[in-house]
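The structure appears right after this line, and notes come after that.
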Amino acid sequence: MSKGEHTRAAILDAALAQASKAGFESLTIGSLAEQAGLSKSGLYAHFGSREELQVAAIEAAAARFTEIVFLPALKARRGLPRLRALFDRWLDWTVRGGLTHGCPMHAAAVEFDDRPGPVRDAVVEHFARLERELGRAVELAVEQGHLRADLDVGQFVFDMLGMIFAYHQGARLFDLSWTESRVRVAFERLVAAASPTA
C-alpha cells in the first residue's frame, strides 16, 4: 500500500469509527483532518468534499461488512448452515469490525432515507446488493431442501432483515443480551415456519 493509500485508509477507519458513534452527518473535513493528523487541505487531497468523504465512508463500511460477514459465511456448507452463519456473523459484525458504537450502515439508512443525493444512492445500493445476496443464500437453502420449495424468498428476506434491523436498533437502546435472545428466538421461528416439515 502506498503512503497515499495508507493515509486514505486511516482516514476512512477514523470516519467509520465516528459514523458508528454519531452518524455520517457528524463527518466533517475539519474533524477528520484533526483525528488523522492532517491539514484540511491535506484531507481535501483525498476527498474533494464532505459528500465525497461520506460516500467513501459508506463504501468502506460496506466493504468491511462483506469481509466480516459474507466472505467467512461462504465457507459454511450451502443451505441452512450458510444462512445461519450469515445471521450469526451479522449480529456481532460491528464488534468484530471494531465499531463498538453500532452499525454505521443502519445509522446511514436512518439519516439518508429521505434525502436524495449521492450519499443516499450509496446507501440504497448497499442495501439492494445485501438483499440480493441474502436472497441468493435463501434460494440455496431451498435448493438444498433445507427450506420449503414453495417458500416466498422475498418475504423470508424481508422478515430476516427486519429482525436484524430491530436487533441493531435495540442493542443501542436496550440491554444487549436481552435483545440478542429475542432476535435469536425470532430467527428460529422464521426458519421453523419455512422448513419442509412445517
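Chain labels follow the order of the C-alpha cells: the first chain is A, the next B, and so on; residue numbering restarts at 1 in every chain, and ligands are counted from 1 in their shown order.
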* **stretch 106-121 of chain A surroundings by only C-alpha atoms, 7 Å radius, close-in-sequence under 6 positions cut, as a PyMOL selection string** => chain A and resi 23-24+51+54-55
Save the residues we just selected, all heavy atoms, as a CSV table (one decimal), in the first residue's frame?
```csv
chain,number,residue,atom,x,y,z
A,23,GLY,N,-23.1,8.9,13.6
A,23,GLY,CA,-23.7,9.0,12.3
A,23,GLY,C,-22.8,9.7,11.3
A,23,GLY,O,-21.8,10.3,11.6
A,24,PHE,N,-23.3,9.6,10.0
A,24,PHE,CA,-22.5,10.1,8.9
A,24,PHE,C,-22.6,11.6,8.8
A,24,PHE,O,-21.7,12.2,8.2
A,24,PHE,CB,-22.9,9.4,7.6
A,24,PHE,CG,-22.4,8.0,7.5
A,24,PHE,CD1,-23.1,7.0,8.0
A,24,PHE,CD2,-21.2,7.8,6.8
A,24,PHE,CE1,-22.6,5.7,7.9
A,24,PHE,CE2,-20.7,6.5,6.7
A,24,PHE,CZ,-21.4,5.4,7.3
A,51,GLU,N,-19.3,15.4,1.0
A,51,GLU,CA,-20.2,14.4,0.4
A,51,GLU,C,-19.4,13.3,-0.1
A,51,GLU,O,-19.7,12.1,0.1
A,51,GLU,CB,-21.0,15.1,-0.7
A,51,GLU,CG,-22.1,14.2,-1.2
A,51,GLU,CD,-23.0,15.0,-2.2
A,51,GLU,OE1,-22.5,15.2,-3.3
A,51,GLU,OE2,-24.1,15.3,-1.8
A,54,GLN,N,-18.3,11.2,2.8
A,54,GLN,CA,-19.4,10.4,3.3
A,54,GLN,C,-19.7,9.1,2.4
A,54,GLN,O,-19.8,8.0,2.9
A,54,GLN,CB,-20.7,11.2,3.4
A,54,GLN,CG,-20.6,12.2,4.5
A,54,GLN,CD,-21.8,13.2,4.5
A,54,GLN,OE1,-22.3,13.6,3.4
A,54,GLN,NE2,-22.3,13.5,5.7
A,55,VAL,N,-19.6,9.3,1.1
A,55,VAL,CA,-19.8,8.2,0.2
A,55,VAL,C,-18.7,7.2,0.3
A,55,VAL,O,-19.0,6.0,0.4
A,55,VAL,CB,-20.0,8.7,-1.3
A,55,VAL,CG1,-19.9,7.5,-2.3
A,55,VAL,CG2,-21.3,9.5,-1.5
```
Excluding A:Ala186 and residues on its chain fewer than 4 positions from it, collect all residues at most 9 Å away from it, counting only C-alpha atoms, and give them as a short mmCIF file (atom, residue, chain, number, x, y, z; two decimals) with C-alpha atoms, in the first residue's frame.
```
data_model
loop_
_atom_site.label_atom_id
_atom_site.label_comp_id
_atom_site.auth_asym_id
_atom_site.auth_seq_id
_atom_site.Cartn_x
_atom_site.Cartn_y
_atom_site.Cartn_z
CA MET A 160 -34.87 -11.59 8.34
CA MET A 163 -35.16 -8.82 12.68
CA SER A 181 -32.01 -13.55 22.90
CA ARG A 182 -35.13 -12.03 21.34
CA LEU A 190 -38.78 -17.90 10.92
CA VAL A 191 -36.68 -20.94 9.98
#
```
* Would you list the contacts of A:Ala36 as a PyMOL selection string, taking every protein, DNA or RNA residue within 9 Å and counting only C-alpha atoms, but skipping same-chain residues closer than 4 positions in sequence? => chain A and resi 7+10-11+14+31-32+43
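Among the candidates A:Ile68, A:Leu161, A:Ala149, A:Ala19, the residue lying nearest to A:Met105 is A:Ala19 (atoms considered: only C-alpha atoms).
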* To do: Could you jot down the atom CA of A:Asp92 to atom CA of A:His168 separation for me, Å, one decimal place?
  => 9.4 Å
* To do: Output as a ChimeraX atom specification all residues of chain A that backbone DSSP marks as helix (DSSP H, G or I).
  => /A:3-22,24-26,29-36,40-44,50-73,80-91,93-96,104-112,118-143,153-173,176-194
* How many Å separate atom CA of A:Pro196 from atom CA of A:Glu133? ->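 Straight-line distance from atom CA of A:Pro196 to atom CA of A:Glu133 works out to 22.3 Å.
Residue neighbourhood of stretch 76-80 of chain A, excluding near-sequence residues (fewer than 2 positions): Pro72, Ala73, Leu74, Arg82, Leu83, Arg84, Ala85, Ala137, Val138, Glu139, Leu140, Ala141, Val142, Glu143, Gln144, Gly145, His146, Leu147 and Val191 of chain A, at 9 Å, using only C-alpha atoms.
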* **Option closest in space to A:Phe70, from A:Lys21, A:Trp90, A:Val123, A:Arg189 [counting only C-alpha atoms]** =>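 Nearest to A:Phe70: A:Trp90.
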* Which of these residues is nearest to A:Phe156, using only C-alpha atoms: A:Phe47, A:Trp93, A:Phe187, A:Phe65? ->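 With only C-alpha atoms as the atom set, the closest residue is A:Phe187.
The interatomic distance for the pair atom CA of A:Asp159 and atom CA of A:Leu99 works out to 24.9 Å.
With only C-alpha atoms as the atoms that count, the residue of A:Asp152, A:Glu67, A:Glu125, A:Glu59 with the shortest distance to A:Ala15 is A:Glu59.
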* Go through A:Gly170, A:Pro104, A:Pro81, A:Gly135 and flag the residue nearest A:Leu27, using only C-alpha atoms for the distances. => A:Pro104
* Asked: Which residue gives the smallest distance to A:Thr94 among A:Ala192, A:Val157, A:Leu151, A:Ala171, with only C-alpha atoms counted?
  -> A:Ala171
